[in-house]
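Notes follow the structure.
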Amino acid sequence: MTQDELKAMVGQAALDYVVPGEIVGVGTGSTVNKFIDELALIKDRIAGAVSSSVASTERLQALGIQVFDCNAVGEIAVYIDGADEIDAKGHMVKGGGAALTREKIVAAQARRFVCIADESKLVDVLGRFPLPVEVIPMAANRIARQFAALKAEATLRMRDGAPLVTDNGQHILDVRGLAITDPPGFESEVNQWPGVVTVGVFAHQRAQVCLLGTPTGVRTLR
Ligand code: 5RP
C-alpha cells in the first residue's frame, strides 16, 4: 500500500469518532485532508467544524461544511489531526504544516484528541523529525542560540526565498538534533522562553487515541 492509501484508510476510520450532531475539531495536513473528504460525505450529520488553519478552513468550506470560530463555540467533543511523530503515550511532534499554534488551541478546546497517521510516524523517542517552533520574528536568533546551548540546530523555515509566515503572521524554526525523552517537561520549558509562540511538542495536549495506518489495517493505540 502507498503512504497515500494508508492516510486515506485512517482518514476514513476517524469518522467512527465523530459525534453526531456536534461540532468537529479539524486539524491540518495531507492525512487530515483525507478525513475532510470523508467528513463531507456525512456533513448533514454534524453541526459543523472548528478549523486549525486557513488551508483546512478553505477545504471544509469548499465541501460545504460550515466552519465556526473557536470563540463562537464551547468545548468540542473531538479533535482529529495528524502528526509528524507520535510515541506510545500519545505525545506528538506537530507543525510540519506550520499550523501548530492553532492546532494546539483547537486541541485544548476538545475533550478528546484522535490522531490519524500512517505507521511511519510511530517512534520510541520524539525528535528525529525536525521540531517546529513558532516564534515572534525578532526573537528568532536568540531562540536559535538557546537551542544551540542544548546541542540542537535551529533553522528558519523558508518559502520562495523568504521566511515562511504562518497564519498568525509569525515565523517557524525547525530544530534538529533533539532527543525529547521528557515531552511534558520539554514542552513546558521551551514554552516559557520569551518569543516562543508555540513549541511543536504536544504532550499536554496529547492524543488519547491514535489510528495508525498499516498494510494490514488500522491499528488503534489508546
Ligand atoms: C501540520 C501538522 C500535521 O498534522 C503534520 O505535519 C502531519 O501532516 P501530514 O498528515 O501531511 O503528514 O502538524 O502543522
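Lettering and numbering for the C-alpha cells are positional, with chains as A, B, ... in the shown order, residues counted from 1 in each chain, and ligands counted from 1 in the shown order.
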Distance limit 6 Å, reference ligand 1, atoms considered: only C-alpha atoms and all ligand atoms. Which residues make the cut? Give them as a count of residues only.
16
Restrict the calculation to only C-alpha atoms, then for each residue of stretch 17-115 of chain A with any atom at most 10 Å from an atom of stretch 178-190 of chain A give the closest atom pair and their distance in Å to one decimal, rows by chain and rising residue number, as a tab-separated table.
```
residue	atom	partner	partner_atom	distance
A:Asp87	CA	A:Pro183	CA	9.9
A:His91	CA	A:Pro183	CA	6.9
A:Met92	CA	A:Pro183	CA	8.4
A:Val93	CA	A:Pro183	CA	9.3
```
Near stretch 154-171 of chain A, counting only C-alpha atoms, which residues have an atom at most 7 Å away, once you skip same-chain residues fewer than 6 positions from it, shown as number ranges by chain?
A: 53-54, 98, 134-137, 144, 147
Strand (DSSP E) residues, from DSSP on the backbone, in stretch 16-203 of chain A, as a ChimeraX atom specification
/A:23-26,48-51,67-68,76-81,85-86,92-93,110-118,131-135,153-156,158-159,162-163,171-176,196-199,201-202
Limited to C-alpha atoms, could you put the picked residues into a file as a PDB file, in the first residue's frame?
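Ended up saving to selection02.pdb:
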```pdb
ATOM      1  CA  ILE A  23     -19.029  20.367  16.030  1.00  0.00           C
ATOM      2  CA  VAL A  24     -15.841  18.561  14.977  1.00  0.00           C
ATOM      3  CA  GLY A  25     -12.336  19.952  15.539  1.00  0.00           C
ATOM      4  CA  VAL A  26     -10.308  19.587  12.357  1.00  0.00           C
ATOM      5  CA  GLY A  48     -20.074  21.981  11.565  1.00  0.00           C
ATOM      6  CA  ALA A  49     -16.355  22.277  12.248  1.00  0.00           C
ATOM      7  CA  VAL A  50     -13.738  24.319  14.037  1.00  0.00           C
ATOM      8  CA  SER A  51     -10.578  24.528  11.949  1.00  0.00           C
ATOM      9  CA  VAL A  67     -16.684  26.477   9.895  1.00  0.00           C
ATOM     10  CA  PHE A  68     -17.119  28.181  13.272  1.00  0.00           C
ATOM     11  CA  ILE A  76     -15.898  20.392  21.412  1.00  0.00           C
ATOM     12  CA  ALA A  77     -16.266  16.618  21.607  1.00  0.00           C
ATOM     13  CA  VAL A  78     -13.360  15.571  19.442  1.00  0.00           C
ATOM     14  CA  TYR A  79     -10.360  16.997  17.604  1.00  0.00           C
ATOM     15  CA  ILE A  80      -8.943  14.985  14.716  1.00  0.00           C
ATOM     16  CA  ASP A  81      -5.458  15.746  13.432  1.00  0.00           C
ATOM     17  CA  GLU A  85       5.791  11.851  15.113  1.00  0.00           C
ATOM     18  CA  ILE A  86       3.849  10.092  17.857  1.00  0.00           C
ATOM     19  CA  MET A  92       3.434  14.099  19.417  1.00  0.00           C
ATOM     20  CA  VAL A  93       5.623  16.366  17.350  1.00  0.00           C
ATOM     21  CA  ALA A 110     -11.557  19.379  22.723  1.00  0.00           C
ATOM     22  CA  ARG A 111     -12.463  16.619  25.146  1.00  0.00           C
ATOM     23  CA  ARG A 112     -10.616  14.037  23.050  1.00  0.00           C
ATOM     24  CA  PHE A 113      -7.710  14.191  20.564  1.00  0.00           C
ATOM     25  CA  VAL A 114      -7.762  11.490  17.909  1.00  0.00           C
ATOM     26  CA  CYS A 115      -4.504  11.346  15.963  1.00  0.00           C
ATOM     27  CA  ILE A 116      -4.510   9.865  12.461  1.00  0.00           C
ATOM     28  CA  ALA A 117      -1.226   8.857  10.854  1.00  0.00           C
ATOM     29  CA  ASP A 118       0.488   6.222   8.809  1.00  0.00           C
ATOM     30  CA  LEU A 131      10.860  20.089  15.781  1.00  0.00           C
ATOM     31  CA  PRO A 132       8.776  23.066  14.577  1.00  0.00           C
ATOM     32  CA  VAL A 133       8.678  26.066  16.896  1.00  0.00           C
ATOM     33  CA  GLU A 134       6.581  29.125  16.016  1.00  0.00           C
ATOM     34  CA  VAL A 135       8.383  32.286  17.111  1.00  0.00           C
ATOM     35  CA  GLU A 153      20.423  23.275  15.469  1.00  0.00           C
ATOM     36  CA  ALA A 154      17.503  25.598  14.693  1.00  0.00           C
ATOM     37  CA  THR A 155      16.973  26.899  11.168  1.00  0.00           C
ATOM     38  CA  LEU A 156      14.423  29.388   9.955  1.00  0.00           C
ATOM     39  CA  MET A 158      11.891  29.416   4.260  1.00  0.00           C
ATOM     40  CA  ARG A 159       9.403  29.530   1.416  1.00  0.00           C
ATOM     41  CA  ALA A 162      11.785  34.390   2.268  1.00  0.00           C
ATOM     42  CA  PRO A 163      10.946  33.299   5.817  1.00  0.00           C
ATOM     43  CA  HIS A 171       7.978  32.570  11.734  1.00  0.00           C
ATOM     44  CA  ILE A 172       8.926  28.896  12.205  1.00  0.00           C
ATOM     45  CA  LEU A 173      12.216  27.473  13.465  1.00  0.00           C
ATOM     46  CA  ASP A 174      12.880  23.804  12.644  1.00  0.00           C
ATOM     47  CA  VAL A 175      15.113  22.232  15.282  1.00  0.00           C
ATOM     48  CA  ARG A 176      17.336  19.233  14.522  1.00  0.00           C
ATOM     49  CA  VAL A 196       8.240  31.355  21.637  1.00  0.00           C
ATOM     50  CA  VAL A 197       4.622  31.347  20.473  1.00  0.00           C
ATOM     51  CA  THR A 198       4.209  27.571  20.430  1.00  0.00           C
ATOM     52  CA  VAL A 199       6.556  24.605  20.583  1.00  0.00           C
ATOM     53  CA  VAL A 201       5.635  19.130  21.190  1.00  0.00           C
ATOM     54  CA  PHE A 202       2.067  18.111  22.018  1.00  0.00           C
TER      55      PHE A 202
END
```
Going by DSSP on the backbone, which bits of stretch 33-222 of chain A are alpha helix (DSSP H)? Write them as an MDAnalysis selection string, please.
chainID A and resid 33:41 54:62 100:108 140:148 183:191
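Here the question is which of A:Leu15, A:Val125, A:Leu60, A:Ala207 gets nearest to A:Asn33 using only C-alpha atoms, and that residue is A:Leu60.
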Please compute the atom CA of A:Leu6-atom CA of A:Val218 distance, one decimal, in Å.
8.5 Å
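Distance annotation: of A:Gln12, A:Ile143, A:Ala55, A:Gln109, the residue with the minimal separation from A:Ala72 is A:Gln109; atom set is only C-alpha atoms.
Our summary of the geometry notes that atom CA of A:Gly127 is positioned 12.9 Å from atom CA of A:Leu150.
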8 Å contact set for A:Arg222, only C-alpha atoms, chain neighbours under 5 positions out, as a PDB file with N, CA, C and O atoms, in the first residue's frame:
```pdb
ATOM      1  N   LYS A  89       2.736   6.848  24.168  1.00  0.00           N
ATOM      2  CA  LYS A  89       1.883   7.514  25.165  1.00  0.00           C
ATOM      3  C   LYS A  89       0.981   8.579  24.533  1.00  0.00           C
ATOM      4  O   LYS A  89       0.240   9.256  25.244  1.00  0.00           O
ATOM      5  N   GLY A  90       1.092   8.761  23.215  1.00  0.00           N
ATOM      6  CA  GLY A  90       0.262   9.771  22.559  1.00  0.00           C
ATOM      7  C   GLY A  90       0.889  11.145  22.519  1.00  0.00           C
ATOM      8  O   GLY A  90       0.267  12.117  22.080  1.00  0.00           O
ATOM      9  N   GLN A 208      -5.429  11.011  22.872  1.00  0.00           N
ATOM     10  CA  GLN A 208      -5.977   9.913  23.690  1.00  0.00           C
ATOM     11  C   GLN A 208      -6.125   8.642  22.848  1.00  0.00           C
ATOM     12  O   GLN A 208      -6.123   7.535  23.373  1.00  0.00           O
ATOM     13  N   VAL A 209      -6.298   8.845  21.549  1.00  0.00           N
ATOM     14  CA  VAL A 209      -6.447   7.718  20.621  1.00  0.00           C
ATOM     15  C   VAL A 209      -5.555   7.998  19.425  1.00  0.00           C
ATOM     16  O   VAL A 209      -5.487   9.140  18.957  1.00  0.00           O
ATOM     17  N   CYS A 210      -4.872   6.973  18.934  1.00  0.00           N
ATOM     18  CA  CYS A 210      -4.116   7.139  17.690  1.00  0.00           C
ATOM     19  C   CYS A 210      -4.526   6.025  16.723  1.00  0.00           C
ATOM     20  O   CYS A 210      -4.470   4.842  17.082  1.00  0.00           O
TER      21      CYS A 210
END
```
